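Novice: File follows, upload.pdb with PDB, C-alpha atoms (C1' of nucleotides):
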ATOM      1  CA  MET A   1       0.000   0.000   0.000
ATOM      2  CA  PHE A   2       1.049   3.542  -0.672
ATOM      3  CA  GLU A   3       2.268   5.503   2.282
ATOM      4  CA  PHE A   4       1.901   9.194   2.696
ATOM      5  CA  ARG A   5       4.210  11.128   4.873
ATOM      6  CA  LEU A   6       4.044  14.768   5.837
ATOM      7  CA  ASP A   7       7.012  16.795   6.890
ATOM      8  CA  THR A   8       5.712  19.366   9.320
ATOM      9  CA  ARG A   9       9.024  21.171   9.604
ATOM     10  CA  SER A  10       9.745  21.799   5.974
ATOM     11  CA  GLY A  11       7.370  24.706   5.548
ATOM     12  CA  VAL A  12       5.939  23.097   2.435
ATOM     13  CA  PRO A  13       2.147  23.300   2.565
ATOM     14  CA  PHE A  14       0.503  19.991   3.401
ATOM     15  CA  TYR A  15      -1.696  19.955   0.329
ATOM     16  CA  ARG A  16       1.376  20.422  -1.812
ATOM     17  CA  GLN A  17       3.205  17.572  -0.140
ATOM     18  CA  ILE A  18       0.228  15.323  -0.807
ATOM     19  CA  ILE A  19       0.161  16.401  -4.449
ATOM     20  CA  ASP A  20       3.873  15.798  -4.859
ATOM     21  CA  GLN A  21       3.770  12.393  -3.292
ATOM     22  CA  ILE A  22       0.935  11.233  -5.500
ATOM     23  CA  ARG A  23       2.642  12.577  -8.598
ATOM     24  CA  PHE A  24       5.940  10.981  -7.740
ATOM     25  CA  GLY A  25       4.134   7.799  -6.744
ATOM     26  CA  ILE A  26       2.590   7.561 -10.189
ATOM     27  CA  ALA A  27       5.769   8.538 -11.953
ATOM     28  CA  THR A  28       7.742   5.843 -10.168
ATOM     29  CA  GLY A  29       5.146   3.143 -10.638
ATOM     30  CA  GLN A  30       4.182   2.878  -6.992
ATOM     31  CA  LEU A  31       0.695   4.024  -7.912
ATOM     32  CA  ARG A  32      -0.978   2.626 -10.987
ATOM     33  CA  MET A  33      -3.803   3.603 -13.241
ATOM     34  CA  GLY A  34      -7.196   2.827 -11.796
ATOM     35  CA  GLU A  35      -5.912   2.302  -8.309
ATOM     36  CA  GLN A  36      -8.036   3.773  -5.568
ATOM     37  CA  LEU A  37      -6.595   6.363  -3.249
ATOM     38  CA  PRO A  38      -7.610   6.730   0.381
ATOM     39  CA  THR A  39     -10.893   8.573   0.789
ATOM     40  CA  VAL A  40     -10.605  12.232   1.584
ATOM     41  CA  ARG A  41     -11.839  11.575   5.077
ATOM     42  CA  SER A  42      -9.586   8.650   5.839
ATOM     43  CA  LEU A  43      -6.489  10.384   4.519
ATOM     44  CA  ALA A  44      -7.336  13.459   6.548
ATOM     45  CA  VAL A  45      -7.517  11.311   9.667
ATOM     46  CA  GLN A  46      -4.397   9.358   8.755
ATOM     47  CA  LEU A  47      -2.303  12.465   8.181
ATOM     48  CA  LYS A  48      -3.995  14.369  10.973
ATOM     49  CA  VAL A  49      -4.892  17.262   8.746
ATOM     50  CA  ASN A  50      -8.180  18.885   7.954
ATOM     51  CA  LEU A  51     -10.546  17.424   5.432
ATOM     52  CA  ASN A  52     -10.229  20.547   3.311
ATOM     53  CA  THR A  53      -6.502  20.128   2.994
ATOM     54  CA  VAL A  54      -6.890  16.706   1.398
ATOM     55  CA  ILE A  55      -9.723  17.955  -0.779
ATOM     56  CA  LYS A  56      -7.551  20.769  -2.030
ATOM     57  CA  ALA A  57      -4.828  18.350  -3.044
ATOM     58  CA  TYR A  58      -7.139  15.851  -4.732
ATOM     59  CA  LYS A  59      -9.001  18.587  -6.510
ATOM     60  CA  GLU A  60      -5.924  20.146  -8.003
ATOM     61  CA  LEU A  61      -4.825  16.752  -9.282
ATOM     62  CA  GLU A  62      -8.257  16.157 -10.692
ATOM     63  CA  ILE A  63      -8.103  19.405 -12.615
ATOM     64  CA  GLN A  64      -4.829  18.181 -14.071
ATOM     65  CA  LYS A  65      -6.610  14.926 -14.957
ATOM     66  CA  ILE A  66      -4.127  12.994 -12.896
ATOM     67  CA  LEU A  67      -6.907  11.787 -10.640
ATOM     68  CA  GLU A  68     -10.469  10.849 -11.390
ATOM     69  CA  THR A  69     -13.158  11.128  -8.782
ATOM     70  CA  GLN A  70     -16.596   9.643  -8.547
ATOM     71  CA  GLN A  71     -18.805  11.058  -5.897
ATOM     72  CA  GLY A  72     -20.006   8.343  -3.598
ATOM     73  CA  THR A  73     -17.318   5.963  -4.772
ATOM     74  CA  GLY A  74     -13.879   7.388  -4.332
ATOM     75  CA  THR A  75     -10.827   8.842  -5.948
ATOM     76  CA  PHE A  76      -8.696   6.943  -8.416
ATOM     77  CA  ILE A  77      -5.511   7.262 -10.369
ATOM     78  CA  GLY A  78      -6.425   8.512 -13.820
ATOM     79  CA  SER A  79      -5.148   7.514 -17.206
ATOM     80  CA  GLU A  80      -3.195  10.674 -17.768
ATOM     81  CA  THR A  81       0.483   9.911 -17.826
ATOM     82  CA  VAL A  82       2.438  11.827 -15.297
ATOM     83  CA  ASN A  83       5.748  13.140 -16.365
ATOM     84  CA  VAL A  84       7.945  14.177 -13.533
ATOM     85  CA  SER A  85      10.780  15.757 -15.391
ATOM     86  CA  ALA A  86      14.330  14.741 -14.726
ATOM     87  CA  LYS A  87      14.879  18.272 -13.559
ATOM     88  CA  GLU A  88      12.097  18.065 -11.030
ATOM     89  CA  ARG A  89      13.454  14.771  -9.758
ATOM     90  CA  ARG A  90      16.890  16.263  -9.416
ATOM     91  CA  ASN A  91      15.487  19.213  -7.510
ATOM     92  CA  LYS A  92      13.618  16.928  -5.170
ATOM     93  CA  THR A  93      16.666  14.810  -4.581
ATOM     94  CA  LYS A  94      18.711  17.892  -3.976
ATOM     95  CA  SER A  95      16.298  19.473  -1.533
ATOM     96  CA  ILE A  96      15.944  16.263   0.423
ATOM     97  CA  CYS A  97      19.708  15.946   0.638
ATOM     98  CA  GLU A  98      20.116  19.544   1.698
ATOM     99  CA  GLU A  99      17.645  19.131   4.470
ATOM    100  CA  PHE A 100      19.321  16.028   5.767
ATOM    101  CA  VAL A 101      22.792  17.414   5.572
ATOM    102  CA  ASN A 102      21.537  20.325   7.604
ATOM    103  CA  VAL A 103      19.894  18.166  10.207
ATOM    104  CA  ALA A 104      22.990  16.027  10.416
ATOM    105  CA  ALA A 105      25.228  19.067  10.745
ATOM    106  CA  VAL A 106      23.451  20.028  13.924
ATOM    107  CA  TYR A 107      24.854  16.846  15.433
ATOM    108  CA  GLY A 108      28.265  17.343  13.954
ATOM    109  CA  ILE A 109      27.705  14.653  11.373
ATOM    110  CA  THR A 110      29.394  15.357   8.079
ATOM    111  CA  PRO A 111      28.063  14.546   4.607
ATOM    112  CA  LYS A 112      30.899  12.068   4.298
ATOM    113  CA  GLN A 113      29.693  10.166   7.327
ATOM    114  CA  LEU A 114      26.190  10.129   5.930
ATOM    115  CA  ILE A 115      27.491   8.607   2.720
ATOM    116  CA  GLU A 116      29.375   5.935   4.632
ATOM    117  CA  GLU A 117      26.335   5.050   6.671
ATOM    118  CA  LEU A 118      24.158   4.837   3.582
ATOM    119  CA  GLN A 119      26.681   2.620   1.830
ATOM    120  CA  LYS A 120      26.620   0.181   4.738
ATOM    121  CA  ASN A 121      23.008  -0.610   4.041
ATOM    122  CA  GLU A 122      23.446  -0.663   0.312
ATOM    123  CA  GLY A 123      24.135  -4.379   0.221
ATOM    124  CA  GLY A 124      20.903  -5.772   1.538
ATOM    125  CA  ASN A 125      18.248  -3.894  -0.341
ATOM    126  CA  LEU A 126      16.275  -3.641  -3.552
TER     127      LEU A 126
ATOM    128  CA  MET B   1      31.267  33.434  -3.843
ATOM    129  CA  PHE B   2      28.223  31.855  -2.284
ATOM    130  CA  GLU B   3      25.091  31.953  -4.379
ATOM    131  CA  PHE B   4      21.615  32.103  -3.008
ATOM    132  CA  ARG B   5      18.701  30.901  -4.977
ATOM    133  CA  LEU B   6      15.034  30.940  -4.094
ATOM    134  CA  ASP B   7      12.531  28.455  -5.372
ATOM    135  CA  THR B   8       9.284  30.345  -5.638
ATOM    136  CA  ARG B   9       7.259  27.299  -6.528
ATOM    137  CA  SER B  10       8.213  24.974  -3.719
ATOM    138  CA  GLY B  11       5.948  26.567  -1.141
ATOM    139  CA  VAL B  12       8.850  26.760   1.267
ATOM    140  CA  PRO B  13       8.925  30.199   2.891
ATOM    141  CA  PHE B  14      11.684  32.421   1.579
ATOM    142  CA  TYR B  15      13.235  33.049   4.961
ATOM    143  CA  ARG B  16      13.455  29.315   5.524
ATOM    144  CA  GLN B  17      15.126  28.737   2.185
ATOM    145  CA  ILE B  18      17.720  31.332   3.086
ATOM    146  CA  ILE B  19      18.288  29.678   6.448
ATOM    147  CA  ASP B  20      18.608  26.249   4.890
ATOM    148  CA  GLN B  21      21.033  27.390   2.254
ATOM    149  CA  ILE B  22      23.313  29.059   4.742
ATOM    150  CA  ARG B  23      23.277  26.014   6.986
ATOM    151  CA  PHE B  24      23.902  23.742   4.050
ATOM    152  CA  GLY B  25      26.696  26.006   2.903
ATOM    153  CA  ILE B  26      28.373  25.761   6.265
ATOM    154  CA  ALA B  27      27.836  22.024   6.547
ATOM    155  CA  THR B  28      29.443  21.410   3.186
ATOM    156  CA  GLY B  29      32.299  23.800   3.721
ATOM    157  CA  GLN B  30      31.223  26.316   1.129
ATOM    158  CA  LEU B  31      30.876  28.896   3.870
ATOM    159  CA  ARG B  32      33.577  29.142   6.479
ATOM    160  CA  MET B  33      33.922  30.557   9.919
ATOM    161  CA  GLY B  34      34.321  34.300   9.954
ATOM    162  CA  GLU B  35      33.234  34.749   6.375
ATOM    163  CA  GLN B  36      30.988  37.712   5.708
ATOM    164  CA  LEU B  37      27.546  37.201   4.292
ATOM    165  CA  PRO B  38      25.804  39.666   2.008
ATOM    166  CA  THR B  39      24.291  42.597   3.864
ATOM    167  CA  VAL B  40      20.605  42.352   4.628
ATOM    168  CA  ARG B  41      19.866  45.055   2.102
ATOM    169  CA  SER B  42      21.973  43.652  -0.712
ATOM    170  CA  LEU B  43      20.626  40.151  -0.278
ATOM    171  CA  ALA B  44      17.070  41.488  -0.235
ATOM    172  CA  VAL B  45      17.732  43.232  -3.531
ATOM    173  CA  GLN B  46      19.560  40.252  -4.993
ATOM    174  CA  LEU B  47      16.773  37.816  -4.159
ATOM    175  CA  LYS B  48      14.055  40.362  -4.876
ATOM    176  CA  VAL B  49      12.468  39.870  -1.493
ATOM    177  CA  ASN B  50      11.651  42.276   1.261
ATOM    178  CA  LEU B  51      14.276  43.462   3.707
ATOM    179  CA  ASN B  52      12.323  41.915   6.561
ATOM    180  CA  THR B  53      12.486  38.482   5.007
ATOM    181  CA  VAL B  54      16.272  38.483   5.033
ATOM    182  CA  ILE B  55      16.342  39.935   8.520
ATOM    183  CA  LYS B  56      14.096  37.158   9.745
ATOM    184  CA  ALA B  57      16.436  34.523   8.348
ATOM    185  CA  TYR B  58      19.621  36.094   9.659
ATOM    186  CA  LYS B  59      18.088  36.685  13.038
ATOM    187  CA  GLU B  60      17.004  33.119  13.519
ATOM    188  CA  LEU B  61      20.477  31.915  12.639
ATOM    189  CA  GLU B  62      21.961  34.410  15.033
ATOM    190  CA  ILE B  63      19.812  33.088  17.851
ATOM    191  CA  GLN B  64      21.169  29.631  17.058
ATOM    192  CA  LYS B  65      24.648  31.139  17.209
ATOM    193  CA  ILE B  66      25.302  30.046  13.669
ATOM    194  CA  LEU B  67      25.739  33.656  12.585
ATOM    195  CA  GLU B  68      27.251  36.617  14.335
ATOM    196  CA  THR B  69      26.189  40.141  13.539
ATOM    197  CA  GLN B  70      27.778  43.473  14.209
ATOM    198  CA  GLN B  71      25.618  46.470  13.638
ATOM    199  CA  GLY B  72      27.245  48.832  11.211
ATOM    200  CA  THR B  73      29.644  46.160   9.999
ATOM    201  CA  GLY B  74      27.811  43.140   8.747
ATOM    202  CA  THR B  75      26.854  39.537   9.326
ATOM    203  CA  PHE B  76      29.369  36.723   9.599
ATOM    204  CA  ILE B  77      29.556  32.965   9.911
ATOM    205  CA  GLY B  78      29.948  32.123  13.590
ATOM    206  CA  SER B  79      32.193  29.643  15.332
ATOM    207  CA  GLU B  80      29.593  27.400  16.941
ATOM    208  CA  THR B  81      30.482  23.719  17.123
ATOM    209  CA  VAL B  82      28.474  20.945  18.676
ATOM    210  CA  ASN B  83      30.011  18.335  20.935
ATOM    211  CA  VAL B  84      28.377  14.929  21.104
ATOM    212  CA  SER B  85      29.823  11.582  22.190
ATOM    213  CA  ALA B  86      30.994   9.148  19.532
ATOM    214  CA  LYS B  87      28.365   6.625  20.501
ATOM    215  CA  GLU B  88      25.599   9.135  20.457
ATOM    216  CA  ARG B  89      26.818  10.315  17.095
ATOM    217  CA  ARG B  90      26.800   6.838  15.632
ATOM    218  CA  ASN B  91      23.244   6.290  16.787
ATOM    219  CA  LYS B  92      22.176   9.627  15.505
ATOM    220  CA  THR B  93      23.825   9.027  12.167
ATOM    221  CA  LYS B  94      21.977   5.767  11.818
ATOM    222  CA  SER B  95      18.580   7.149  12.741
ATOM    223  CA  ILE B  96      19.000  10.161  10.524
ATOM    224  CA  CYS B  97      19.895   7.960   7.597
ATOM    225  CA  GLU B  98      16.922   5.701   8.184
ATOM    226  CA  GLU B  99      14.581   8.633   8.228
ATOM    227  CA  PHE B 100      16.351  10.040   5.211
ATOM    228  CA  VAL B 101      15.919   6.882   3.171
ATOM    229  CA  ASN B 102      12.264   6.602   4.126
ATOM    230  CA  VAL B 103      11.411  10.131   3.130
ATOM    231  CA  ALA B 104      13.261   9.748  -0.137
ATOM    232  CA  ALA B 105      11.414   6.505  -0.851
ATOM    233  CA  VAL B 106       8.115   8.380  -0.788
ATOM    234  CA  TYR B 107       9.378  10.199  -3.842
ATOM    235  CA  GLY B 108      10.794   7.117  -5.459
ATOM    236  CA  ILE B 109      14.345   8.170  -4.789
ATOM    237  CA  THR B 110      16.697   5.307  -4.031
ATOM    238  CA  PRO B 111      19.532   5.256  -1.488
ATOM    239  CA  LYS B 112      21.922   4.957  -4.374
ATOM    240  CA  GLN B 113      20.679   8.201  -5.849
ATOM    241  CA  LEU B 114      20.987   9.852  -2.478
ATOM    242  CA  ILE B 115      24.602   8.796  -2.236
ATOM    243  CA  GLU B 116      25.301  10.154  -5.681
ATOM    244  CA  GLU B 117      23.726  13.467  -4.818
ATOM    245  CA  LEU B 118      25.659  13.728  -1.585
ATOM    246  CA  GLN B 119      28.895  12.952  -3.356
ATOM    247  CA  LYS B 120      28.333  15.829  -5.730
ATOM    248  CA  ASN B 121      28.809  18.310  -2.931
ATOM    249  CA  GLU B 122      31.703  16.417  -1.507
ATOM    250  CA  GLY B 123      34.226  18.099  -3.695
ATOM    251  CA  GLY B 124      34.163  21.629  -2.401
ATOM    252  CA  ASN B 125      34.618  21.094   1.292
ATOM    253  CA  LEU B 126      36.965  20.416   4.161
TER     254      LEU B 126
ATOM    255  C1'  DA C   1     -36.791   2.804   0.913
ATOM    256  C1'  DG C   2     -33.284   3.472   4.014
ATOM    257  C1'  DT C   3     -28.547   3.868   5.406
ATOM    258  C1'  DA C   4     -23.688   4.442   5.111
ATOM    259  C1'  DT C   5     -20.008   6.096   2.469
ATOM    260  C1'  DT C   6     -18.113   8.947  -0.880
ATOM    261  C1'  DG C   7     -17.045  13.565  -2.702
ATOM    262  C1'  DT C   8     -18.647  18.694  -2.808
ATOM    263  C1'  DA C   9     -19.687  23.433  -1.378
ATOM    264  C1'  DC C  10     -19.882  26.634   1.599
ATOM    265  C1'  DT C  11     -18.655  30.124   5.627
ATOM    266  C1'  DA C  12     -15.740  31.653   9.263
ATOM    267  C1'  DG C  13     -11.599  32.214  11.842
ATOM    268  C1'  DA C  14      -6.552  31.675  13.175
ATOM    269  C1'  DT C  15      -1.969  31.805  12.021
ATOM    270  C1'  DA C  16       2.044  32.360   9.106
ATOM    271  C1'  DA C  17       4.405  34.665   5.493
ATOM    272  C1'  DA C  18       5.545  38.267   2.589
ATOM    273  C1'  DT C  19       5.296  43.095   1.318
ATOM    274  C1'  DA C  20       5.709  48.097   2.180
ATOM    275  C1'  DG C  21       7.253  51.835   4.569
ATOM    276  C1'  DT C  22       9.439  54.626   8.208
ATOM    277  C1'  DA C  23      12.578  55.688  11.738
ATOM    278  C1'  DC C  24      16.473  54.725  14.586
ATOM    279  C1'  DA C  25      21.206  52.925  16.191
ATOM    280  C1'  DA C  26      25.970  51.450  15.656
ATOM    281  C1'  DT C  27      30.106  51.321  12.981
ATOM    282  C1'  DG C  28      33.547  52.838   9.619
ATOM    283  C1'  DT C  29      35.269  56.323   6.380
ATOM    284  C1'  DT C  30      36.231  60.785   4.873
TER     285       DT C  30
ATOM    286  C1'  DA D   1      32.034  66.508  12.337
ATOM    287  C1'  DA D   2      29.659  64.696   8.500
ATOM    288  C1'  DC D   3      28.377  60.965   5.804
ATOM    289  C1'  DA D   4      27.505  56.370   4.105
ATOM    290  C1'  DT D   5      26.717  51.726   5.335
ATOM    291  C1'  DT D   6      25.376  48.335   8.400
ATOM    292  C1'  DG D   7      21.826  46.127  11.360
ATOM    293  C1'  DT D   8      17.387  47.004  14.254
ATOM    294  C1'  DA D   9      12.592  48.030  15.462
ATOM    295  C1'  DC D  10       8.485  49.107  14.537
ATOM    296  C1'  DT D  11       3.476  49.305  12.293
ATOM    297  C1'  DA D  12       0.235  48.147   8.798
ATOM    298  C1'  DT D  13      -1.635  45.419   5.019
ATOM    299  C1'  DT D  14      -2.265  41.512   1.991
ATOM    300  C1'  DT D  15      -2.201  36.807   0.848
ATOM    301  C1'  DA D  16      -1.801  31.854   1.660
ATOM    302  C1'  DT D  17      -2.489  28.028   4.523
ATOM    303  C1'  DC D  18      -4.745  25.436   7.699
ATOM    304  C1'  DT D  19      -8.478  24.492  10.798
ATOM    305  C1'  DA D  20     -13.391  24.013  12.071
ATOM    306  C1'  DG D  21     -17.895  23.255  11.199
ATOM    307  C1'  DT D  22     -22.158  22.588   8.559
ATOM    308  C1'  DA D  23     -24.911  21.112   4.888
ATOM    309  C1'  DC D  24     -25.635  18.860   0.599
ATOM    310  C1'  DA D  25     -25.209  15.428  -3.430
ATOM    311  C1'  DA D  26     -24.088  11.096  -5.635
ATOM    312  C1'  DT D  27     -23.255   6.280  -5.261
ATOM    313  C1'  DA D  28     -23.362   1.558  -3.296
ATOM    314  C1'  DC D  29     -25.322  -1.634  -0.266
ATOM    315  C1'  DT D  30     -28.927  -3.793   2.457
TER     316       DT D  30
END
As structure tokens, how would this structure be written, given the file I've shared?

Specialist:
Amino acid sequence: MFEFRLDTRSGVPFYRQIIDQIRFGIATGQLRMGEQLPTVRSLAVQLKVNLNTVIKAYKELEIQKILETQQGTGTFIGSETVNVSAKERRNKTKSICEEFVNVAAVYGITPKQLIEELQKNEGGNL
Amino acid sequence: MFEFRLDTRSGVPFYRQIIDQIRFGIATGQLRMGEQLPTVRSLAVQLKVNLNTVIKAYKELEIQKILETQQGTGTFIGSETVNVSAKERRNKTKSICEEFVNVAAVYGITPKQLIEELQKNEGGNL
DNA sequence: AGTATTGTACTAGATAAATAGTACAATGTT
DNA sequence: AACATTGTACTATTTATCTAGTACAATACT
């Protein structure tokens, strides 16, 4: 199942984080055409945000034809292909790395040490 | 010279982007102790944001002792270092990396890609 | 038909963020 | 002493975001 995850510290609006995660989820094949998303109410509860916040995210994606909604039934991944550009992916990767390097720096952990730690776990994964 | 760059689309507040970039700059060695930052006015002009936005960023970093300011002179990178035990650091490194990998996974970014991105910034540092 | 579940449409209010503008204070230079 | 440059301290306004709450509409199920 697809997992949403909000970063409350980043300053990025919740609805935008939801949008991004769905878009990236589709782009990377984690979410597939026709698949049902959590209902607006359940996702709101799950992420501990207001109903309207989820609605705002779903609605924007529906306008872009990335999602299809049926009142009374639910919200589904549409047939529109999502292209997350290489540039956008790079930016996302970069911003995530920046944030973590910053967090690590607070504890005196250098980027080099982060790399080493990540490489340790490189063996036993996908 | 250090280059600032605001992403107007990300939804991340400007002052936070400035903060993050300075912290990242220090963590990666691009900004060094004692180095002078742009003046609040010049950076405001450069980034096309309001004076208060830059002030807010600088001030928060000053509270954290990451920056040092002298009225009439300018704002400089401070000398703050954090001391943590080796054991504590190892644990912290591990937990940060775990979190890091999980967040990245939401966006379909693999650990391998994270390592590559981190290595990019490895060149220009201590 | 009745009920539960789904999405939709509102209004209202709180807080955060950014802009705009003015005035003041400390430092360095001339 | 005069001036320019630096950071500081305000106030006011606008916009975006999020929360809260209510009511309604469409669909599926019993």

Novice: Using only C-alpha atoms (C1' of nucleotides), which of D:DT27, D:DT17, D:DA1, D:DA12 sits nearest chain B?

Specialist: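 The closest residue to chain B is D:DT17.
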
Novice: Find the residues of chain D in contact range of chain B, meaning any atom within 10 Å when counting all atoms listed in the file, and list them as a PyMOL selection string.

Specialist: chain D and resi 5-8+16

Novice: Run through the PyMOL selection byres ((chain D and resi 24) around 10) on the given coordinates and return the selected residues as a short mmCIF file (atom, residue, chain, number, x, y, z; two decimals) with C-alpha atoms (C1' of nucleotides), in the frame of the given file.

Specialist:
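File selection08.cif, as written:
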data_model
loop_
_atom_site.label_atom_id
_atom_site.label_comp_id
_atom_site.auth_asym_id
_atom_site.auth_seq_id
_atom_site.Cartn_x
_atom_site.Cartn_y
_atom_site.Cartn_z
"C1'" DT C 8 -18.65 18.69 -2.81
"C1'" DA C 9 -19.69 23.43 -1.38
"C1'" DC C 10 -19.88 26.63 1.60
"C1'" DT D 22 -22.16 22.59 8.56
"C1'" DA D 23 -24.91 21.11 4.89
"C1'" DA D 25 -25.21 15.43 -3.43
#

Novice: Evaluate the PyMOL selection byres ((chain A and resi 100) around 10) on the structure here and hand back the selected residues as a ChimeraX atom specification.

Specialist: /A:94-99,101-106,111,114 /B:24,96-97,99-100,118

Novice: One number please: CA of Lys112 (chain A) to CA of Asp20 (chain A), in Å, one decimal.

Specialist: 28.8 Å

Novice: Mind fitting chain B onto chain A over all Cα atoms in sequence order and sending the result as a tab-separated table (two decimals) with C-alpha atoms, keeping the file's coordinate frame?

Specialist:
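Result went into result_25.tsv, see below:
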chain	number	residue	atom	x	y	z
B	1	MET	CA	-0.99	-1.03	2.24
B	2	PHE	CA	0.24	2.53	2.27
B	3	GLU	CA	0.35	4.18	5.66
B	4	PHE	CA	-0.11	7.84	6.26
B	5	ARG	CA	1.27	9.49	9.28
B	6	LEU	CA	0.98	13.09	10.39
B	7	ASP	CA	3.55	14.87	12.47
B	8	THR	CA	1.61	17.34	14.55
B	9	ARG	CA	4.69	18.95	16.00
B	10	SER	CA	6.60	19.77	12.86
B	11	GLY	CA	4.57	22.84	11.97
B	12	VAL	CA	4.12	21.51	8.47
B	13	PRO	CA	0.49	21.90	7.42
B	14	PHE	CA	-1.43	18.64	7.40
B	15	TYR	CA	-2.50	18.92	3.79
B	16	ARG	CA	1.12	19.39	2.78
B	17	GLN	CA	2.24	16.35	4.73
B	18	ILE	CA	-0.38	14.30	2.93
B	19	ILE	CA	0.78	15.65	-0.41
B	20	ASP	CA	4.41	14.95	0.37
B	21	GLN	CA	3.75	11.43	1.53
B	22	ILE	CA	1.81	10.53	-1.57
B	23	ARG	CA	4.48	11.99	-3.81
B	24	PHE	CA	7.18	10.23	-1.86
B	25	GLY	CA	5.20	7.02	-2.05
B	26	ILE	CA	5.00	7.27	-5.80
B	27	ALA	CA	8.64	8.25	-6.18
B	28	THR	CA	9.79	5.26	-4.19
B	29	GLY	CA	7.45	2.82	-5.83
B	30	GLN	CA	5.31	2.20	-2.78
B	31	LEU	CA	2.34	3.60	-4.67
B	32	ARG	CA	1.80	2.54	-8.24
B	33	MET	CA	-0.10	3.81	-11.20
B	34	GLY	CA	-3.79	3.10	-11.01
B	35	GLU	CA	-3.74	2.21	-7.35
B	36	GLN	CA	-6.64	3.51	-5.31
B	37	LEU	CA	-6.04	5.83	-2.42
B	38	PRO	CA	-8.20	5.94	0.69
B	39	THR	CA	-11.42	7.87	0.19
B	40	VAL	CA	-11.41	11.45	1.38
B	41	ARG	CA	-13.73	10.55	4.21
B	42	SER	CA	-11.86	7.48	5.40
B	43	LEU	CA	-8.50	9.22	5.32
B	44	ALA	CA	-9.95	12.17	7.23
B	45	VAL	CA	-11.16	9.78	9.91
B	46	GLN	CA	-7.94	7.79	9.90
B	47	LEU	CA	-5.75	10.85	10.33
B	48	LYS	CA	-8.25	12.58	12.60
B	49	VAL	CA	-8.31	15.68	10.46
B	50	ASN	CA	-11.12	17.50	8.78
B	51	LEU	CA	-12.57	16.33	5.49
B	52	ASN	CA	-11.53	19.59	3.87
B	53	THR	CA	-7.90	19.03	4.73
B	54	VAL	CA	-7.78	15.78	2.79
B	55	ILE	CA	-9.73	17.30	-0.06
B	56	LYS	CA	-7.24	20.13	-0.28
B	57	ALA	CA	-4.35	17.69	-0.56
B	58	TYR	CA	-5.99	15.44	-3.12
B	59	LYS	CA	-7.13	18.38	-5.17
B	60	GLU	CA	-3.71	19.91	-5.43
B	61	LEU	CA	-2.28	16.61	-6.57
B	62	GLU	CA	-5.05	16.26	-9.09
B	63	ILE	CA	-4.23	19.65	-10.56
B	64	GLN	CA	-0.65	18.44	-10.95
B	65	LYS	CA	-2.05	15.36	-12.67
B	66	ILE	CA	-0.42	13.15	-10.10
B	67	LEU	CA	-3.82	11.87	-8.99
B	68	GLU	CA	-6.96	11.13	-10.92
B	69	THR	CA	-10.36	11.29	-9.31
B	70	GLN	CA	-13.70	9.91	-10.32
B	71	GLN	CA	-16.64	11.18	-8.41
B	72	GLY	CA	-18.57	8.33	-6.89
B	73	THR	CA	-15.67	5.94	-7.37
B	74	GLY	CA	-12.56	7.20	-5.70
B	75	THR	CA	-9.11	8.68	-6.11
B	76	PHE	CA	-6.29	6.94	-7.93
B	77	ILE	CA	-2.62	7.32	-8.71
B	78	GLY	CA	-2.32	8.89	-12.15
B	79	SER	CA	-0.05	8.08	-15.05
B	80	GLU	CA	1.85	11.35	-15.36
B	81	THR	CA	5.49	11.05	-16.38
B	82	VAL	CA	7.93	13.84	-17.00
B	83	ASN	CA	10.23	13.90	-20.00
B	84	VAL	CA	13.52	15.74	-19.70
B	85	SER	CA	16.71	15.38	-21.73
B	86	ALA	CA	19.55	13.30	-20.32
B	87	LYS	CA	21.82	16.30	-20.10
B	88	GLU	CA	19.25	18.41	-18.38
B	89	ARG	CA	18.62	15.57	-15.99
B	90	ARG	CA	22.28	15.21	-15.12
B	91	ASN	CA	22.53	18.91	-14.37
B	92	LYS	CA	19.39	18.85	-12.36
B	93	THR	CA	20.53	15.83	-10.40
B	94	LYS	CA	23.74	17.59	-9.53
B	95	SER	CA	22.13	20.83	-8.45
B	96	ILE	CA	19.49	19.06	-6.43
B	97	CYS	CA	22.13	17.06	-4.63
B	98	GLU	CA	24.18	20.15	-3.87
B	99	GLU	CA	21.20	21.88	-2.40
B	100	PHE	CA	20.31	18.72	-0.56
B	101	VAL	CA	23.72	18.40	1.05
B	102	ASN	CA	23.74	22.05	2.05
B	103	VAL	CA	20.37	21.93	3.73
B	104	ALA	CA	21.29	18.75	5.54
B	105	ALA	CA	24.54	20.32	6.73
B	106	VAL	CA	22.57	23.01	8.55
B	107	TYR	CA	21.26	20.21	10.73
B	108	GLY	CA	24.60	18.51	11.05
B	109	ILE	CA	23.57	15.67	8.80
B	110	THR	CA	26.37	14.31	6.64
B	111	PRO	CA	26.13	13.14	3.03
B	112	LYS	CA	26.93	9.68	4.25
B	113	GLN	CA	23.90	9.68	6.50
B	114	LEU	CA	21.78	10.92	3.65
B	115	ILE	CA	22.91	8.03	1.50
B	116	GLU	CA	22.10	5.58	4.24
B	117	GLU	CA	18.64	7.03	4.67
B	118	LEU	CA	17.97	6.94	0.95
B	119	GLN	CA	19.10	3.35	0.74
B	120	LYS	CA	16.59	2.36	3.38
B	121	ASN	CA	13.74	3.09	1.02
B	122	GLU	CA	15.50	1.49	-1.87
B	123	GLY	CA	14.24	-1.94	-1.09
B	124	GLY	CA	10.56	-1.60	-1.77
B	125	ASN	CA	10.55	-0.11	-5.22
B	126	LEU	CA	10.88	-0.64	-8.94
